[in-house]
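Read through the structure below, which is laid out as C-alpha cells, and then see the notes.
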Amino acid sequence: MMEKVGILVVSYGSRAAAMIDAFVRSEEYAPKLYIADKQKNPFNLKHAEKHTVIPNLNINEILRFAKKHRDQIDFGIVGPEKPIISGVRDIIEKKTDIQLICPTQRYAIEASKIAQRQLFQKVAPEVNPRFKVFDPNDYSSTAQVKKSVYAWLKELGNKVAVKPDKATAGKGVGVWGDHFSTPEEVFEHFISNYEHGPVIIEEKVEGEESSFQAFCDGKCLVPLPDSRDYKRAFDEDKGPNTGGMGSYKNTGDTLPFLTAKDRAKEIELVNKVFFELRGKSSNPELRGIPLYVAFIHTDKGPKILEVNSRPGDPEIMNLLPILKDDFVEVCYNMRDGTLGKVNFQKQATVVTYKVPSNYGGYASIFPDRVDKTKADTAIDLTEAQKLAEKDGNIRVYPGSMELRDGENFGLGSRTVAVVGIGDDIQEARETSLKGLGAIEGGALWNRSDIAAREHIEKSIKHMEELRRR
C-alpha cells in the first residue's frame, strides 16, 4: 500500500505539468494534487484531486484555496515566478501550516536586477560584466542622465545591454545589435525603462550560454545537470527573445561545448552566492530552486547574465523526466532539510515547444507559413499522447492551453512542450520532433533546429576559439 501525500501545486505552463508528471510517476507515494492553475490546463485537470483557476495567480486567492484543503495537504510547490516574487510562501506559511518549496519573498532575487549585480559584486565580482546603475533619484533632469548615459556608452564602445531593475511598463531588456544599433536608439530604449525606475547599462559579453539549476533544502545546494536554452524565436537564433523555444541536456552533467573544469567553476561560483545568502549553517527561506543561473562562458571565464528564483522553463523539463529518485521524496527532503545527492539517468533530453501562430511575430514575418484558417481551431493531442504511451521516451506537456467544452485551445504564450529522451542528444531531438509532429490544429509552429548537430558544433568551435584568445 503506497503512502498517500497531499501536494499543493501553484501552476502555470508546461513547467508545472512536468512537475505534476514527476509526482504522479512516484512508485513510493500516492499523490493527491491540489492545483492552483492560471487556466484549465488539460494535463493538470486530468491529474488533480482538486483544481482551481486563478487567472492572475493572486496570492490571496491561492491562500484561500490552500486554506480550504489545508487538512489534506502535506506540502506545496510553486513553479512560476510571479507568486514567488509576490510572497506566496510567506503568506501561506504564516496563515496555514503548509510549508512551500520555493524561496520566500526576501530571497526571490530575480525581483531586482540591481540587487543581483550588487550581490555578485560582493561575493564573486568576476561574474559581473562592467555595469552601471542609473537611478532617477541620482539625477535632477533628463539632460543630466543623458550626458551620463552617453559617457558610459562611449566607455563601453556602445556594445551594451540595457536592463530595467524590475519588470516594468517600458521596453524591457534590450541588447546592442538586436534591439538597437546607434547610441540614440540605446538612449530611446533606456529612457522608456528609466521613466519607471532604475536601469542598469552593462557591457554586452560574447560567449556560449548554459543554464545551471540546483535543488536546495536551506543547508546545501545540490547542482542539477546543465542544459542549454534557445531564447530566440526563429531558426538560426534569429528573431526576438522569447521565454525559451526549447532546450537540450547531454547524457552527463555538462554540455558538449563545456569541460569538467567549466562545470566545476559554475558550481564554485554559485556556491559563493549561496553561502552568502545562507549564512553560517542553514537558511530554510532558500528552499526549492533559489538559484537558476544563466551563465555565459566567455574568453575571460564564466559571467552571469541573470539569476532566477524558480525552476527553469523549459530547462526543468530536461531533468524531471529522467530523475532516478522519487520526486515526492526529493521534495520532502527539501522541506525537511535532509537533501543529499540527487540522481539522474545517463540520458540526453531535448525539449521543443509548439507555439501560437503569431508568437514572436511569426505570422507577421512569415505569413506564407501560417494556415490562418486553423489559427483558432482546437488542438488535438490524441496522437501525440498515444505515441507517448507507446514510446516511453516522449513526454507531452501542455502549457498555455485550456480545456473548453471538451476541446483544447491555445492561448497567447507557449502552447505545448514535447520532451524527447535518448541515448544521445540527436536521438532525443528526433524523438521530441516526432512527438511534435503528431500534434494537430491551432496553426502552431516550432523551431526546427533545437539541439541540431550543426548548432552544437558551432557552439563547440566558438568555445575553442574563445579559449585561444
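By order in the C-alpha cells, chains are A, B, ...; within a chain, residues start at 1; ligands start at 1, following the order shown.
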
Hey, which bits of range 106-199 of chain A sit within 10 Å of range 281-299 of chain A, and for each residue what's the closest pair of atoms and how far apart in Å (one decimal), counting only C-alpha atoms, rows by chain and increasing number, as JSON lines?
{"residue": "A:Arg106", "atom": "CA", "partner": "A:Glu285", "partner_atom": "CA", "distance": 8.2}
{"residue": "A:Tyr107", "atom": "CA", "partner": "A:Leu286", "partner_atom": "CA", "distance": 6.6}
{"residue": "A:Ala108", "atom": "CA", "partner": "A:Pro290", "partner_atom": "CA", "distance": 7.2}
{"residue": "A:Ile109", "atom": "CA", "partner": "A:Pro290", "partner_atom": "CA", "distance": 8.1}
{"residue": "A:Glu110", "atom": "CA", "partner": "A:Leu291", "partner_atom": "CA", "distance": 9.1}
{"residue": "A:Val127", "atom": "CA", "partner": "A:Phe295", "partner_atom": "CA", "distance": 8.7}

(request) Pick out the residues sitting within 10 Å of range 361-363 of chain A, and hand them over as an NGL selection string; count only C-alpha atoms, and ignore anything fewer than 2 positions along from it in its own chain. (result) :A and (233-234 or 239-240 or 355-359 or 365-372 or 443 or 445)

Put those residues in a file: C-alpha atoms, as a PDB file, in the first residue's frame.
ATOM      1  CA  ALA A 233      12.039  32.830 -31.658  1.00  0.00           C
ATOM      2  CA  PHE A 234      13.206  31.670 -35.093  1.00  0.00           C
ATOM      3  CA  GLY A 239      14.035  36.968 -34.239  1.00  0.00           C
ATOM      4  CA  PRO A 240      13.060  38.393 -30.853  1.00  0.00           C
ATOM      5  CA  VAL A 355       3.695  27.981 -30.057  1.00  0.00           C
ATOM      6  CA  PRO A 356       0.797  30.096 -31.448  1.00  0.00           C
ATOM      7  CA  SER A 357       0.892  31.471 -34.982  1.00  0.00           C
ATOM      8  CA  ASN A 358       1.902  34.999 -34.018  1.00  0.00           C
ATOM      9  CA  TYR A 359       4.209  34.145 -31.109  1.00  0.00           C
ATOM     10  CA  ILE A 365       7.072  37.994 -40.608  1.00  0.00           C
ATOM     11  CA  PHE A 366       6.317  34.658 -42.352  1.00  0.00           C
ATOM     12  CA  PRO A 367       2.637  34.970 -43.450  1.00  0.00           C
ATOM     13  CA  ASP A 368       3.054  32.281 -46.132  1.00  0.00           C
ATOM     14  CA  ARG A 369       3.995  29.695 -43.481  1.00  0.00           C
ATOM     15  CA  VAL A 370       0.795  30.089 -41.431  1.00  0.00           C
ATOM     16  CA  ASP A 371      -2.545  28.478 -42.261  1.00  0.00           C
ATOM     17  CA  LYS A 372      -4.819  31.205 -40.900  1.00  0.00           C
ATOM     18  CA  ALA A 443      -1.796  26.678 -36.576  1.00  0.00           C
ATOM     19  CA  TRP A 445       4.707  26.123 -35.187  1.00  0.00           C
TER      20      TRP A 445
END

(request) Provide the CA of Thr352 in chain A to CA of Gly13 in chain A distance in Å, to one decimal place. (result)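 Calculated distance between CA of Thr352 in chain A and CA of Gly13 in chain A is 13.7 Å.
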
(request) Find the residues around Glu28 in chain A up to 10 Å (only C-alpha atoms counted), leave out those fewer than 4 positions away in its own chain, and share them as a list in words. (result) Met1, Met2, Glu3, Lys4, Asp326, Phe327, Val328 and Glu329 of chain A

(request) Using DSSP on the backbone coordinates, identify all residues within range 143-323 of chain A classified as alpha helix (DSSP H); present the result as an MDAnalysis selection string. (result) chainID A and resid 143:155 183:194 260:278

(request) Skip Asp97 in chain A itself and residues of its chain fewer than 5 positions away, then list as a PyMOL selection string all residues within 10 Å of it, counting only C-alpha atoms. (result) chain A and resi 66-67+70-71+73-75+92

(message) When you look at Phe43 in chain A with a cut-off of 8 Å (counting only C-alpha atoms), what residues show up, excluding the ones that are within fewer than 4 positions of it in the same chain? I need them as a PyMOL selection string.
(response) chain A and resi 17+47+397-398

Would you save the residues of that selection, restricted to C-alpha atoms, as a PDB file, in the first residue's frame?
ATOM      1  CA  ALA A  17       2.864  19.968 -15.995  1.00  0.00           C
ATOM      2  CA  HIS A  47      -4.318  14.566 -12.539  1.00  0.00           C
ATOM      3  CA  TYR A 397       3.282  18.805 -21.502  1.00  0.00           C
ATOM      4  CA  PRO A 398       0.507  21.319 -22.320  1.00  0.00           C
TER       5      PRO A 398
END

Return as CSV the residues of range 324-438 of chain A lying at most 7 Å from range 245-262 of chain A, together with the closest atom-to-atom pair for each and the distance in Å to one decimal, counting only C-alpha atoms, with rows in chain order and ascending residue number.
residue,atom,partner,partner_atom,distance
A:Lys346,CA,A:Thr251,CA,5.0
A:Gln347,CA,A:Thr251,CA,4.3
A:Ala348,CA,A:Thr251,CA,4.4
A:Thr349,CA,A:Lys249,CA,5.2
A:Val350,CA,A:Tyr248,CA,4.4
A:Val351,CA,A:Gly246,CA,4.9
A:Thr352,CA,A:Gly246,CA,4.3
A:Tyr353,CA,A:Met245,CA,5.4
A:Asp424,CA,A:Thr251,CA,6.4
A:Ile425,CA,A:Asn250,CA,6.1

Cut-off 8 Å: closest range 21-132 of chain A/range 154-175 of chain A atom pairs per residue, using only C-alpha atoms, as a Markdown table:
| residue | atom | partner | partner_atom | distance |
| --- | --- | --- | --- | --- |
| A:Ala111 | CA | A:Lys166 | CA | 6.1 |
| A:Ser112 | CA | A:Asp165 | CA | 5.2 |
| A:Lys113 | CA | A:Asp165 | CA | 4.8 |
| A:Ile114 | CA | A:Asp165 | CA | 5.6 |

Find the residues of range 86-123 of chain A that sit at most 10 Å from range 213-230 of chain A; for each, write down the nearest two atoms and how far apart they are in Å, to one decimal. Count only C-alpha atoms. Sort by chain, then by number going up, and give it as CSV.
residue,atom,partner,partner_atom,distance
A:Ile101,CA,A:Asp217,CA,8.8
A:Cys102,CA,A:Cys216,CA,9.2
A:Pro103,CA,A:Gly218,CA,9.5

(message) According to DSSP computed on the backbone, where in range 18-178 of chain A is there strand (DSSP E or B)? Give the residues as a PyMOL selection string.
(response) chain A and resi 29-37+48-53+75-78+100-101+131-134+160-164+174-176

Quick one: residues within 6 Å of range 48-52 of chain A, only C-alpha atoms counted, chain neighbours fewer than 6 positions away excluded, as a PDB file with C-alpha atoms, in the first residue's frame?
ATOM      1  CA  LYS A  32      -3.310  13.789  -4.280  1.00  0.00           C
ATOM      2  CA  LEU A  33      -2.704  17.036  -6.141  1.00  0.00           C
ATOM      3  CA  TYR A  34      -4.388  20.322  -5.209  1.00  0.00           C
ATOM      4  CA  ILE A  35      -3.646  22.545  -8.190  1.00  0.00           C
ATOM      5  CA  ALA A  36      -3.996  26.344  -8.295  1.00  0.00           C
TER       6      ALA A  36
END

(message) Calculated over only C-alpha atoms, which of the candidates A:Lys303, A:Lys147, A:Lys40, A:Arg310 has the smallest distance to Gly207 in chain A?
(response) A:Lys303
